[in-house]
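Visitor: File query11.pdb below, PDB, C-alpha atoms and all ligand atoms:
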ATOM      1  CA  MET A  15       0.000   0.000   0.000
ATOM      2  CA  GLY A  16       1.287   3.468  -0.850
ATOM      3  CA  ILE A  17       1.236   6.608   1.193
ATOM      4  CA  PRO A  18      -2.300   7.756   1.877
ATOM      5  CA  ALA A  19      -3.314  11.146   0.533
ATOM      6  CA  GLN A  20      -2.337  13.901   2.905
ATOM      7  CA  PRO A  21      -5.355  15.628   4.333
ATOM      8  CA  VAL A  22      -5.188  19.370   4.657
ATOM      9  CA  LEU A  23      -6.174  20.048   8.205
ATOM     10  CA  ARG A  24      -4.999  23.537   8.764
ATOM     11  CA  GLN A  25      -3.538  25.838   6.251
ATOM     12  CA  LYS A  26      -1.951  28.990   7.573
ATOM     13  CA  SER A  27      -3.274  31.909   5.637
ATOM     14  CA  VAL A  28      -1.389  34.729   7.299
ATOM     15  CA  GLN A  29       0.255  36.595   4.475
ATOM     16  CA  ARG A  30       3.351  38.731   4.755
ATOM     17  CA  GLY A  31       4.808  40.203   1.636
ATOM     18  CA  LYS A  32       4.483  37.605  -1.075
ATOM     19  CA  TYR A  33       4.885  34.630   1.265
ATOM     20  CA  LEU A  34       2.498  32.690   3.405
ATOM     21  CA  ILE A  35       3.852  32.527   6.931
ATOM     22  CA  ALA A  36       4.031  28.739   6.689
ATOM     23  CA  GLU A  37       6.217  29.010   3.615
ATOM     24  CA  LEU A  38       8.454  31.532   5.296
ATOM     25  CA  ARG A  39       9.008  29.155   8.157
ATOM     26  CA  ALA A  40       9.618  26.360   5.714
ATOM     27  CA  CYS A  41      12.373  28.221   3.950
ATOM     28  CA  HIS A  42      14.029  29.810   6.896
ATOM     29  CA  GLY A  43      13.154  27.926  10.038
ATOM     30  CA  LEU A  44      13.094  24.364  11.143
ATOM     31  CA  TYR A  45       9.396  24.203  10.466
ATOM     32  CA  LEU A  46       9.202  22.477   7.193
ATOM     33  CA  SER A  47       6.025  22.500   5.420
ATOM     34  CA  SER A  48       3.955  22.954   2.433
ATOM     35  CA  GLY A  49       1.414  24.521   4.689
ATOM     36  CA  LEU A  50      -0.064  21.095   5.365
ATOM     37  CA  SER A  51      -0.550  19.672   8.816
ATOM     38  CA  LEU A  52      -1.444  16.248  10.145
ATOM     39  CA  THR A  53      -2.793  15.286  13.534
ATOM     40  CA  ASP A  54      -0.862  12.887  15.787
ATOM     41  CA  GLY A  55      -3.374  10.188  14.878
ATOM     42  CA  GLN A  56      -2.850  10.642  11.178
ATOM     43  CA  ILE A  57       0.932  10.637  11.517
ATOM     44  CA  GLU A  58       0.628   7.418  13.506
ATOM     45  CA  GLN A  59      -1.600   5.972  10.790
ATOM     46  CA  LEU A  60       0.950   6.984   8.183
ATOM     47  CA  ASN A  61       3.771   5.334  10.110
ATOM     48  CA  ASN A  62       1.776   2.152  10.467
ATOM     49  CA  THR A  63       0.846   2.112   6.813
ATOM     50  CA  VAL A  64       4.370   2.156   5.443
ATOM     51  CA  LYS A  65       6.178  -0.770   7.014
ATOM     52  CA  GLY A  66       9.724  -2.033   7.345
ATOM     53  CA  GLY A  67      13.103  -0.363   7.377
ATOM     54  CA  VAL A  68      15.640   0.744   9.890
ATOM     55  CA  GLU A  69      14.898   2.960  12.827
ATOM     56  CA  MET A  70      17.390   5.523  14.029
ATOM     57  CA  SER A  71      17.202   8.184  16.596
ATOM     58  CA  ARG A  72      19.998  10.597  16.122
ATOM     59  CA  ALA A  73      20.182  14.344  16.032
ATOM     60  CA  LEU A  74      22.429  15.690  13.295
ATOM     61  CA  GLY A  75      24.284  12.404  12.840
ATOM     62  CA  LYS A  76      25.606  10.822   9.660
ATOM     63  CA  ASP A  77      22.236   9.963   8.212
ATOM     64  CA  TYR A  78      20.885  13.360   9.030
ATOM     65  CA  ALA A  79      23.896  15.012   7.378
ATOM     66  CA  GLU A  80      23.185  13.118   4.167
ATOM     67  CA  LEU A  81      19.534  14.052   4.219
ATOM     68  CA  TYR A  82      20.123  17.630   5.319
ATOM     69  CA  ASP A  83      20.918  18.965   1.871
ATOM     70  CA  VAL A  84      17.999  17.108   0.335
ATOM     71  CA  VAL A  85      15.577  18.420   2.911
ATOM     72  CA  TYR A  86      16.813  21.991   2.555
ATOM     73  CA  GLN A  87      17.378  21.898  -1.203
ATOM     74  CA  ASN A  88      14.939  24.767  -1.732
ATOM     75  CA  LYS A  89      16.377  27.029   0.933
ATOM     76  CA  ASP A  90      17.863  29.889  -1.042
ATOM     77  CA  TYR A  91      21.394  29.996   0.370
ATOM     78  CA  SER A  92      22.642  32.044  -2.540
ATOM     79  CA  ALA A  93      20.084  34.778  -1.817
ATOM     80  CA  GLU A  94      21.076  34.621   1.860
ATOM     81  CA  CYS A  95      24.711  35.159   0.873
ATOM     82  CA  ASP A  96      23.568  38.182  -1.175
ATOM     83  CA  ILE A  97      21.967  39.578   1.997
ATOM     84  CA  LEU A  98      25.147  38.911   3.974
ATOM     85  CA  GLU A  99      27.241  40.722   1.383
ATOM     86  CA  ARG A 100      24.815  43.640   1.397
ATOM     87  CA  LEU A 101      25.169  43.885   5.183
ATOM     88  CA  PHE A 102      28.977  43.698   4.995
ATOM     89  CA  LYS A 103      28.934  46.698   2.652
ATOM     90  CA  LYS A 104      26.301  48.603   4.589
ATOM     91  CA  TYR A 105      27.835  48.284   8.045
ATOM     92  CA  LEU A 106      31.572  48.174   7.374
ATOM     93  CA  THR A 107      33.739  50.732   5.669
ATOM     94  CA  LYS A 108      36.536  48.257   4.921
ATOM     95  CA  PRO A 109      35.761  45.285   2.668
ATOM     96  CA  VAL A 110      35.194  41.952   4.394
ATOM     97  CA  ARG A 111      37.787  39.385   3.340
ATOM     98  CA  THR A 112      37.779  36.804   6.127
ATOM     99  CA  ILE A 113      34.757  35.032   7.617
ATOM    100  CA  VAL A 114      34.275  32.433  10.336
ATOM    101  CA  ASP A 115      31.058  30.439   9.853
ATOM    102  CA  LEU A 116      30.122  29.100  13.300
ATOM    103  CA  GLY A 117      27.788  26.093  13.077
ATOM    104  CA  CYS A 118      28.520  25.837   9.348
ATOM    105  CA  GLY A 119      26.739  22.471   8.918
ATOM    106  CA  THR A 120      27.261  21.114   5.417
ATOM    107  CA  GLY A 121      28.818  24.387   4.272
ATOM    108  CA  ASN A 122      25.822  25.939   2.556
ATOM    109  CA  HIS A 123      26.970  29.478   3.344
ATOM    110  CA  ALA A 124      30.706  28.787   3.629
ATOM    111  CA  ILE A 125      30.923  27.285   0.136
ATOM    112  CA  PRO A 126      29.121  30.025  -1.854
ATOM    113  CA  LEU A 127      30.945  32.694   0.164
ATOM    114  CA  ALA A 128      34.297  31.057  -0.615
ATOM    115  CA  SER A 129      33.277  30.903  -4.313
ATOM    116  CA  ARG A 130      32.684  34.646  -4.115
ATOM    117  CA  GLY A 131      36.264  35.166  -3.012
ATOM    118  CA  TYR A 132      36.062  35.287   0.790
ATOM    119  CA  SER A 133      38.503  33.360   2.903
ATOM    120  CA  VAL A 134      36.240  31.183   5.054
ATOM    121  CA  VAL A 135      36.756  28.932   8.055
ATOM    122  CA  GLY A 136      33.789  26.698   8.931
ATOM    123  CA  ILE A 137      33.224  25.308  12.416
ATOM    124  CA  ASP A 138      30.755  22.638  13.496
ATOM    125  CA  HIS A 139      30.616  20.062  16.264
ATOM    126  CA  SER A 140      29.147  17.443  13.937
ATOM    127  CA  GLY A 141      31.902  15.514  12.188
ATOM    128  CA  ASP A 142      29.375  14.115   9.717
ATOM    129  CA  MET A 143      28.058  17.524   8.697
ATOM    130  CA  LEU A 144      31.681  18.632   8.224
ATOM    131  CA  LYS A 145      32.513  15.555   6.170
ATOM    132  CA  ARG A 146      29.773  16.517   3.725
ATOM    133  CA  ALA A 147      30.897  20.141   3.737
ATOM    134  CA  LYS A 148      34.463  19.066   2.898
ATOM    135  CA  LEU A 149      33.278  16.792   0.109
ATOM    136  CA  LYS A 150      31.155  19.557  -1.463
ATOM    137  CA  ALA A 151      33.999  22.090  -1.198
ATOM    138  CA  ARG A 152      36.425  19.614  -2.772
ATOM    139  CA  GLN A 153      34.004  18.940  -5.626
ATOM    140  CA  LYS A 154      33.936  22.669  -6.334
ATOM    141  CA  GLY A 155      37.714  22.933  -6.090
ATOM    142  CA  LEU A 156      37.504  25.310  -3.115
ATOM    143  CA  ARG A 157      40.000  25.488  -0.283
ATOM    144  CA  ILE A 158      37.983  26.015   2.884
ATOM    145  CA  SER A 159      39.242  25.151   6.313
ATOM    146  CA  PHE A 160      36.565  23.160   8.151
ATOM    147  CA  LYS A 161      37.236  22.395  11.790
ATOM    148  CA  LYS A 162      35.377  20.283  14.287
ATOM    149  CA  SER A 163      34.636  22.081  17.526
ATOM    150  CA  ASP A 164      31.902  23.123  19.875
ATOM    151  CA  ILE A 165      31.494  26.848  19.283
ATOM    152  CA  LYS A 166      31.155  27.375  23.029
ATOM    153  CA  LYS A 167      34.747  26.231  23.491
ATOM    154  CA  LEU A 168      36.381  27.236  20.229
ATOM    155  CA  ARG A 169      39.753  29.023  20.438
ATOM    156  CA  LEU A 170      41.299  29.465  16.995
ATOM    157  CA  ASN A 171      43.809  32.187  17.871
ATOM    158  CA  GLN A 172      42.698  33.907  14.697
ATOM    159  CA  VAL A 173      40.437  36.914  14.140
ATOM    160  CA  PHE A 174      38.130  37.520  11.189
ATOM    161  CA  ASP A 175      36.316  40.466   9.619
ATOM    162  CA  ALA A 176      32.947  38.817  10.236
ATOM    163  CA  ALA A 177      31.493  35.933  12.241
ATOM    164  CA  LEU A 178      28.309  34.151  11.163
ATOM    165  CA  MET A 179      25.889  31.800  12.921
ATOM    166  CA  MET A 180      23.326  31.038  10.250
ATOM    167  CA  PHE A 181      20.125  29.028  10.325
ATOM    168  CA  ALA A 182      19.201  29.220  13.963
ATOM    169  CA  VAL A 183      22.605  28.105  15.283
ATOM    170  CA  LEU A 184      22.181  30.545  18.193
ATOM    171  CA  SER A 185      18.759  29.045  18.957
ATOM    172  CA  TYR A 186      20.488  25.686  19.542
ATOM    173  CA  GLN A 187      22.327  27.282  22.476
ATOM    174  CA  VAL A 188      19.578  26.844  24.992
ATOM    175  CA  LYS A 189      20.868  27.812  28.439
ATOM    176  CA  ASN A 190      21.961  31.354  29.297
ATOM    177  CA  ASN A 191      25.531  30.163  29.858
ATOM    178  CA  ASP A 192      25.554  28.453  26.472
ATOM    179  CA  VAL A 193      24.267  31.538  24.681
ATOM    180  CA  SER A 194      26.877  33.690  26.453
ATOM    181  CA  ALA A 195      29.650  31.217  25.619
ATOM    182  CA  ALA A 196      28.624  31.165  21.935
ATOM    183  CA  LEU A 197      28.477  34.964  21.757
ATOM    184  CA  LYS A 198      31.839  35.277  23.503
ATOM    185  CA  CYS A 199      33.279  32.836  20.987
ATOM    186  CA  ALA A 200      31.986  35.009  18.146
ATOM    187  CA  ARG A 201      33.549  38.070  19.807
ATOM    188  CA  LEU A 202      36.862  36.320  20.335
ATOM    189  CA  HIS A 203      37.076  35.608  16.627
ATOM    190  CA  VAL A 204      36.264  39.020  15.120
ATOM    191  CA  HIS A 205      38.341  42.182  14.941
ATOM    192  CA  LYS A 206      37.225  45.167  16.971
ATOM    193  CA  GLY A 207      34.693  46.874  14.699
ATOM    194  CA  GLY A 208      33.991  43.580  12.871
ATOM    195  CA  LEU A 209      30.499  42.163  12.363
ATOM    196  CA  PHE A 210      28.575  39.322  13.908
ATOM    197  CA  ILE A 211      25.503  38.204  11.935
ATOM    198  CA  THR A 212      23.022  35.560  13.009
ATOM    199  CA  ASP A 213      19.418  34.568  12.374
ATOM    200  CA  PHE A 214      17.221  33.168  15.115
ATOM    201  CA  TRP A 215      13.655  32.483  16.182
ATOM    202  CA  TYR A 216      11.947  35.699  17.178
ATOM    203  CA  GLY A 217      10.193  35.469  20.561
ATOM    204  CA  PRO A 218       7.189  37.720  19.828
ATOM    205  CA  ALA A 219       6.309  35.662  16.730
ATOM    206  CA  VAL A 220       6.876  32.270  18.397
ATOM    207  CA  LEU A 221       4.519  33.268  21.240
ATOM    208  CA  ALA A 222       1.927  34.768  18.899
ATOM    209  CA  GLN A 223       1.911  32.015  16.271
ATOM    210  CA  ARG A 224       2.833  28.968  18.372
ATOM    211  CA  PRO A 225       4.375  25.901  16.792
ATOM    212  CA  ASP A 226       2.004  23.513  15.076
ATOM    213  CA  GLU A 227       2.208  20.168  13.313
ATOM    214  CA  ARG A 228       3.573  20.147   9.827
ATOM    215  CA  ILE A 229       4.376  17.714   7.110
ATOM    216  CA  ARG A 230       6.409  17.993   3.967
ATOM    217  CA  THR A 231       7.144  15.572   1.192
ATOM    218  CA  ILE A 232      10.114  15.759  -1.132
ATOM    219  CA  LYS A 233      10.595  13.498  -4.147
ATOM    220  CA  VAL A 234      14.188  12.733  -4.991
ATOM    221  CA  LYS A 235      15.754  10.030  -7.185
ATOM    222  CA  GLY A 236      12.762   7.698  -6.975
ATOM    223  CA  LYS A 237      12.499   8.116  -3.220
ATOM    224  CA  THR A 238      10.048  10.075  -1.159
ATOM    225  CA  ILE A 239      11.269  11.960   1.867
ATOM    226  CA  LEU A 240       8.481  12.601   4.309
ATOM    227  CA  ARG A 241       9.188  14.968   7.132
ATOM    228  CA  THR A 242       6.840  15.644   9.996
ATOM    229  CA  SER A 243       7.418  18.108  12.781
ATOM    230  CA  SER A 244       5.650  19.319  15.869
ATOM    231  CA  GLY A 245       6.705  21.483  18.757
ATOM    232  CA  ASP A 246       5.907  22.172  22.404
ATOM    233  CA  LEU A 247       6.588  25.492  24.023
ATOM    234  CA  ASP A 248       8.342  25.899  27.347
ATOM    235  CA  ILE A 249       7.577  29.575  27.722
ATOM    236  CA  LYS A 250       9.281  29.949  31.096
ATOM    237  CA  HIS A 251      12.623  28.951  29.592
ATOM    238  CA  LYS A 252      11.912  30.426  26.130
ATOM    239  CA  ILE A 253      12.386  27.058  24.498
ATOM    240  CA  CYS A 254      10.459  25.210  21.829
ATOM    241  CA  LYS A 255      10.968  21.443  21.921
ATOM    242  CA  VAL A 256      10.719  20.336  18.321
ATOM    243  CA  GLN A 257      10.156  16.697  17.430
ATOM    244  CA  MET A 258      10.890  15.765  13.858
ATOM    245  CA  GLN A 259      10.632  12.524  12.027
ATOM    246  CA  THR A 260      12.095  12.005   8.576
ATOM    247  CA  LEU A 261      11.061   8.937   6.641
ATOM    248  CA  GLU A 262      12.916   7.974   3.497
ATOM    249  CA  ILE A 263      10.459   5.870   1.548
ATOM    250  CA  HIS A 264      11.581   3.668  -1.310
ATOM    251  CA  LYS A 265       9.198   1.339  -3.125
ATOM    252  CA  ASN A 266       6.583   1.808  -0.385
ATOM    253  CA  LYS A 267       9.009   0.717   2.336
ATOM    254  CA  ILE A 268      10.757   2.843   4.880
ATOM    255  CA  ALA A 269      14.428   2.698   3.908
ATOM    256  CA  GLN A 270      15.359   4.965   6.771
ATOM    257  CA  ARG A 271      13.606   6.620   9.663
ATOM    258  CA  ILE A 272      15.308   9.387  11.589
ATOM    259  CA  LYS A 273      13.859  10.891  14.714
ATOM    260  CA  GLU A 274      15.231  14.143  15.994
ATOM    261  CA  GLU A 275      14.453  16.270  18.965
ATOM    262  CA  HIS A 276      15.768  19.801  19.002
ATOM    263  CA  SER A 277      15.399  22.258  21.837
ATOM    264  CA  MET A 278      15.273  25.642  20.171
ATOM    265  CA  ARG A 279      15.546  28.834  22.132
ATOM    266  CA  PHE A 280      13.764  31.955  20.974
ATOM    267  CA  PHE A 281      14.982  35.430  21.777
ATOM    268  CA  PHE A 282      13.659  38.914  22.437
ATOM    269  CA  ASN A 283      15.374  42.224  21.592
ATOM    270  CA  ARG A 284      16.080  43.434  25.109
ATOM    271  CA  GLU A 285      17.671  40.236  26.412
ATOM    272  CA  LEU A 286      19.882  40.023  23.331
ATOM    273  CA  GLU A 287      21.022  43.621  23.802
ATOM    274  CA  ILE A 288      22.208  42.686  27.298
ATOM    275  CA  LEU A 289      23.744  39.363  26.258
ATOM    276  CA  LEU A 290      25.554  41.039  23.359
ATOM    277  CA  LYS A 291      26.846  43.883  25.503
ATOM    278  CA  ASN A 292      28.186  41.436  28.093
ATOM    279  CA  SER A 293      29.995  39.627  25.282
ATOM    280  CA  GLY A 294      31.605  42.714  23.763
ATOM    281  CA  PHE A 295      29.142  43.521  20.954
ATOM    282  CA  GLU A 296      26.759  46.363  20.288
ATOM    283  CA  LEU A 297      23.493  45.538  18.601
ATOM    284  CA  ILE A 298      23.144  47.323  15.260
ATOM    285  CA  ARG A 299      19.825  45.963  14.044
ATOM    286  CA  ILE A 300      17.378  43.087  14.213
ATOM    287  CA  GLY A 301      15.404  42.924  10.963
ATOM    288  CA  ALA A 302      12.994  40.452   9.425
ATOM    289  CA  PHE A 303      14.637  37.565   7.585
ATOM    290  CA  PRO A 304      14.925  37.491   4.641
ATOM    291  CA  ASP A 305      13.308  40.935   4.265
ATOM    292  CA  PHE A 306      15.876  42.600   6.499
ATOM    293  CA  ASP A 307      14.591  46.126   5.886
ATOM    294  CA  LEU A 308      11.210  45.233   7.402
ATOM    295  CA  GLU A 309      10.614  45.666  11.124
ATOM    296  CA  PRO A 310       9.997  42.291  12.750
ATOM    297  CA  ASP A 311       6.635  41.734  14.430
ATOM    298  CA  GLU A 312       4.441  38.887  15.674
ATOM    299  CA  ASN A 313       4.401  37.427  12.163
ATOM    300  CA  THR A 314       8.184  37.304  11.786
ATOM    301  CA  TRP A 315       9.292  33.878  12.965
ATOM    302  CA  ASN A 316      12.839  34.352  11.662
ATOM    303  CA  VAL A 317      14.888  37.450  12.157
ATOM    304  CA  LEU A 318      18.409  38.430  11.264
ATOM    305  CA  MET A 319      20.623  40.308  13.680
ATOM    306  CA  VAL A 320      23.709  42.374  12.985
ATOM    307  CA  ALA A 321      26.053  43.355  15.824
ATOM    308  CA  ARG A 322      29.413  45.098  15.896
ATOM    309  CA  ALA A 323      32.407  44.070  18.008
ATOM    310  CA  ILE A 324      33.336  46.861  20.449
TER     311      ILE A 324
HETATM  312  C1  LIG A 401      20.321  24.039  11.276
HETATM  313  S1  LIG A 401      22.002  23.643  11.106
HETATM  314  C2  LIG A 401      22.635  25.051  10.200
HETATM  315  C3  LIG A 401      23.844  24.717   9.391
HETATM  316  C4  LIG A 401      24.313  25.825   8.447
HETATM  317  N1  LIG A 401      24.686  27.007   9.165
HETATM  318  C5  LIG A 401      23.242  26.122   7.412
HETATM  319  O1  LIG A 401      22.794  27.274   7.352
HETATM  320  O2  LIG A 401      22.865  25.211   6.660
HETATM  321  C6  LIG A 401      22.682  23.976  12.716
HETATM  322  C7  LIG A 401      24.123  23.564  12.794
HETATM  323  O3  LIG A 401      24.678  24.082  13.996
HETATM  324  C8  LIG A 401      25.550  23.112  14.526
HETATM  325  N2  LIG A 401      25.710  23.419  15.963
HETATM  326  C9  LIG A 401      24.719  23.628  16.866
HETATM  327  N3  LIG A 401      25.255  23.908  18.068
HETATM  328  C10 LIG A 401      26.595  23.882  17.914
HETATM  329  C11 LIG A 401      27.703  24.070  18.796
HETATM  330  N4  LIG A 401      27.498  24.353  20.090
HETATM  331  N5  LIG A 401      28.951  23.973  18.320
HETATM  332  C12 LIG A 401      29.158  23.680  17.003
HETATM  333  N6  LIG A 401      28.157  23.473  16.120
HETATM  334  C13 LIG A 401      26.896  23.576  16.566
HETATM  335  C14 LIG A 401      24.879  21.794  14.229
HETATM  336  O4  LIG A 401      25.777  20.708  14.266
HETATM  337  C15 LIG A 401      24.340  22.063  12.827
HETATM  338  O5  LIG A 401      25.231  21.691  11.824
END
Would it be possible to restate this file's structure as structure tokens?

Guide:
Amino acid sequence: MGIPAQPVLRQKSVQRGKYLIAELRACHGLYLSSGLSLTDGQIEQLNNTVKGGVEMSRALGKDYAELYDVVYQNKDYSAECDILERLFKKYLTKPVRTIVDLGCGTGNHAIPLASRGYSVVGIDHSGDMLKRAKLKARQKGLRISFKKSDIKKLRLNQVFDAALMMFAVLSYQVKNNDVSAALKCARLHVHKGGLFITDFWYGPAVLAQRPDERIRTIKVKGKTILRTSSGDLDIKHKICKVQMQTLEIHKNKIAQRIKEEHSMRFFFNRELEILLKNSGFELIRIGAFPDFDLEPDENTWNVLMVARAI
């Protein structure tokens, strides 16, 4: 039996700019979606319908690294690099030449930035994500230094013109001490006057919109990737616990099943101002992401922040 038709239970219709909010989250947040949602019962039914396969429960492990680029194939990294370059020019008088990409994953910013002529060092604590990043860089003939490290502990003894933490890397730092350690790491690795740029989940929008259940299907090389996600809010600690399941379905059988649980922190302007100041940065601007010139509001799940090292 194949995959049953996906019922449309709720379809977000909040519109901002030319995007539906659900689509915005799909492109820029961990909420993947086509705007479709399933109930727990229906997800269970789906799991029971497609039988067999291997079960894994690993967050950002080898299998996840391989699937990562498939799952995010429509995320427009090139356009994001355009935004980054625009911000470099807008907020710095000297040209940016060197960049440290903290939480670089499979190199989806590091690689296009290196192709554009920047000297880039990529850092991630996942060896498997880095392995993929190295392979992709090699295939493009690019020399990028990828290093394995926890960004909370990183000490490169090298300073850069700009530090990046892209695609909610800061939101993965859940406790106050972890956030401070990550920000201090960014500060340690940029020149005085250099830039720190990061996108994260915006507290006012997370509280106003609340996470909901989502499903997305991707067809690739005769396989279907089915990704479901749901989230629970821990408002007291400003955390959203996101459960994701990715099924790789081949010939109506589950070839692979990956379960992930991510605790994602969301942030508010005032707390970030304080955290940044304590880490040696001044906040320049928090803008909507990707429409950085727009003021973020309750509809802006993802925001981009620019800070300057002082
Ligand atoms: C959603 S992925 C983003 C990857 C990449 N920046 C991108 O835009 O595709 C988050 C990445 O942050 C990494 N990460 C999270 N916390 C980290 C930490 N404390 N130290 C190093 N890497 C971290 C994860 O391993 C993962 O590769």

Visitor: Evaluate the PyMOL selection byres (((not hetatm)) within 6 of (chain A and resi 401)) and record the selected residues as a PyMOL selection string, following the chain and residue labels used in the document.

Guide: chain A and resi 117-119+122+138-140+143+163-166+180-183+186

Visitor: Could you please take those selected residues and save C-alpha atoms as a compact mmCIF listing (two decimals), in the frame of the given file?

Guide:
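After the write, again-v8.txt holds the following:
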# COMPACT_ATOMS: atom_id res chain seq x y z
CA GLY A 117 27.79 26.09 13.08
CA CYS A 118 28.52 25.84 9.35
CA GLY A 119 26.74 22.47 8.92
CA ASN A 122 25.82 25.94 2.56
CA ASP A 138 30.76 22.64 13.50
CA HIS A 139 30.62 20.06 16.26
CA SER A 140 29.15 17.44 13.94
CA MET A 143 28.06 17.52 8.70
CA SER A 163 34.64 22.08 17.53
CA ASP A 164 31.90 23.12 19.88
CA ILE A 165 31.49 26.85 19.28
CA LYS A 166 31.16 27.38 23.03
CA MET A 180 23.33 31.04 10.25
CA PHE A 181 20.12 29.03 10.32
CA ALA A 182 19.20 29.22 13.96
CA VAL A 183 22.60 28.10 15.28
CA TYR A 186 20.49 25.69 19.54

Visitor: If we count all atoms listed in the file and set the cut-off at 10 Å, which residues sit around stretch 88-103 of chain A, ignoring sequence neighbours fewer than 6 positions away in its own chain? Please answer as a list in words.

Guide: Ala40, Cys41, His42, Gly43, Pro109, Val110, Arg111, Asn122, His123, Ala124, Ile125, Pro126, Leu127, Arg130, Asp175, Ala176, Leu178, Met180, Gly208, Leu209, Phe210, Ile211, Thr212, Phe303, Pro304, Asp305, Phe306, Leu318 and Val320 of chain A

Visitor: Mind pulling up the distance from atom CA of A:Phe214 to atom CA of A:Gly121?

Guide: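 Rounded to one decimal, the two atoms are 18.1 Å apart.
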
Visitor: Which residues would end up in the selection if the PyMOL selection byres (((chain A and resi 192-195) around 8) and not hetatm) were applied here, given that I need the answer as a ChimeraX atom specification?

Guide: /A:165-167,184,187-191,196-199,289,293

Visitor: As JSON, numbers by chain, please: the residues near stretch 216-223 of chain A (cut-off 9 Å, all atoms listed in the file, same-chain neighbours under 4 positions excluded).

Guide: {"A": [247, 249, 252, 254, 279, 280, 281, 282, 283, 310, 311, 312, 313, 314, 315, 316, 317]}

Visitor: Grab the atom CA of A:Ile229 to atom CA of A:His251 distance for me, in Å with one decimal place.

Guide: 26.5 Å

Visitor: Rounded to one decimal, what separation in Å do you get between atom CA of A:Gln259 and atom CA of A:Thr242?

Guide: 5.3 Å

Visitor: Any chance you could resolve the PyMOL selection byres (((chain A and resi 172) around 9) and not hetatm) against this file and give the residues as JSON, numbers by chain?

Guide: {"A": [169, 170, 171, 173, 174, 202, 203, 204]}

Visitor: Go ahead and save the residues from that selection, with C-alpha atoms, as an mmCIF file, in the frame of the given file.

Guide:
data_model
loop_
_atom_site.group_PDB
_atom_site.id
_atom_site.type_symbol
_atom_site.label_atom_id
_atom_site.label_comp_id
_atom_site.auth_asym_id
_atom_site.auth_seq_id
_atom_site.Cartn_x
_atom_site.Cartn_y
_atom_site.Cartn_z
ATOM 1 C CA ARG A 169 39.753 29.023 20.438
ATOM 2 C CA LEU A 170 41.299 29.465 16.995
ATOM 3 C CA ASN A 171 43.809 32.187 17.871
ATOM 4 C CA VAL A 173 40.437 36.914 14.140
ATOM 5 C CA PHE A 174 38.130 37.520 11.189
ATOM 6 C CA LEU A 202 36.862 36.320 20.335
ATOM 7 C CA HIS A 203 37.076 35.608 16.627
ATOM 8 C CA VAL A 204 36.264 39.020 15.120
#

Visitor: Find the spatial neighbours of A:Ile263, counting only C-alpha atoms, within a cut-off of 8 Å - ignore same-chain residues fewer than 6 positions away - and output them as an mmCIF file with C-alpha atoms, in the coordinates of the input.

Guide:
data_model
loop_
_atom_site.group_PDB
_atom_site.id
_atom_site.type_symbol
_atom_site.label_atom_id
_atom_site.label_comp_id
_atom_site.auth_asym_id
_atom_site.auth_seq_id
_atom_site.Cartn_x
_atom_site.Cartn_y
_atom_site.Cartn_z
ATOM 1 C CA LYS A 237 12.499 8.116 -3.220
ATOM 2 C CA THR A 238 10.048 10.075 -1.159
ATOM 3 C CA ILE A 239 11.269 11.960 1.867
ATOM 4 C CA LEU A 240 8.481 12.601 4.309
ATOM 5 C CA ALA A 269 14.428 2.698 3.908
ATOM 6 C CA GLN A 270 15.359 4.965 6.771
#

Visitor: Using all atoms of stretch 99-105 of chain A listed in the file and a margin of 8 Å per side, can you give the axis-aligned box centre and edge lengths in Å to one decimal, as JSON?

Guide:
{"center_x": 26.9, "center_y": 44.7, "center_z": 4.7, "size_x": 20.2, "size_y": 23.9, "size_z": 22.7}

Visitor: Measuring between all atoms listed in the file, which one of A:Leu156, A:Ile232, A:Ile288, A:Leu149 shows the shortest distance to A:Ser133?

Guide: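 Closest candidate: A:Leu156.
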
Visitor: Counting all atoms listed in the file, select every polymer residue within 9 Å of (9.2, 12.2, 17.9) as defined in the file's coordinates, and provide the selection as a VMD selection string.

Guide: chain A and resid 242 to 244 256 to 259 273 to 275

Visitor: For stretch 317-324 of chain A, supply N, CA and C atoms and report the output as a PDB file, in the coordinates of the input.

Guide:
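Dumped to selection.pdb:
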ATOM      1  N   VAL A 317      14.306  36.114  12.277  1.00  0.00           N
ATOM      2  CA  VAL A 317      14.888  37.450  12.157  1.00  0.00           C
ATOM      3  C   VAL A 317      16.394  37.323  11.974  1.00  0.00           C
ATOM      4  N   LEU A 318      16.965  38.392  11.472  1.00  0.00           N
ATOM      5  CA  LEU A 318      18.409  38.430  11.264  1.00  0.00           C
ATOM      6  C   LEU A 318      18.968  39.573  12.104  1.00  0.00           C
ATOM      7  N   MET A 319      20.046  39.293  12.798  1.00  0.00           N
ATOM      8  CA  MET A 319      20.623  40.308  13.680  1.00  0.00           C
ATOM      9  C   MET A 319      22.042  40.657  13.241  1.00  0.00           C
ATOM     10  N   VAL A 320      22.339  41.937  13.274  1.00  0.00           N
ATOM     11  CA  VAL A 320      23.709  42.374  12.985  1.00  0.00           C
ATOM     12  C   VAL A 320      24.224  43.088  14.230  1.00  0.00           C
ATOM     13  N   ALA A 321      25.428  42.708  14.668  1.00  0.00           N
ATOM     14  CA  ALA A 321      26.053  43.355  15.824  1.00  0.00           C
ATOM     15  C   ALA A 321      27.504  43.691  15.462  1.00  0.00           C
ATOM     16  N   ARG A 322      28.016  44.688  16.166  1.00  0.00           N
ATOM     17  CA  ARG A 322      29.413  45.098  15.896  1.00  0.00           C
ATOM     18  C   ARG A 322      30.276  44.840  17.134  1.00  0.00           C
ATOM     19  N   ALA A 323      31.481  44.335  16.902  1.00  0.00           N
ATOM     20  CA  ALA A 323      32.407  44.070  18.008  1.00  0.00           C
ATOM     21  C   ALA A 323      32.949  45.407  18.541  1.00  0.00           C
ATOM     22  N   ILE A 324      32.865  45.593  19.873  1.00  0.00           N
ATOM     23  CA  ILE A 324      33.336  46.861  20.449  1.00  0.00           C
ATOM     24  C   ILE A 324      34.584  46.623  21.304  1.00  0.00           C
TER      25      ILE A 324
END
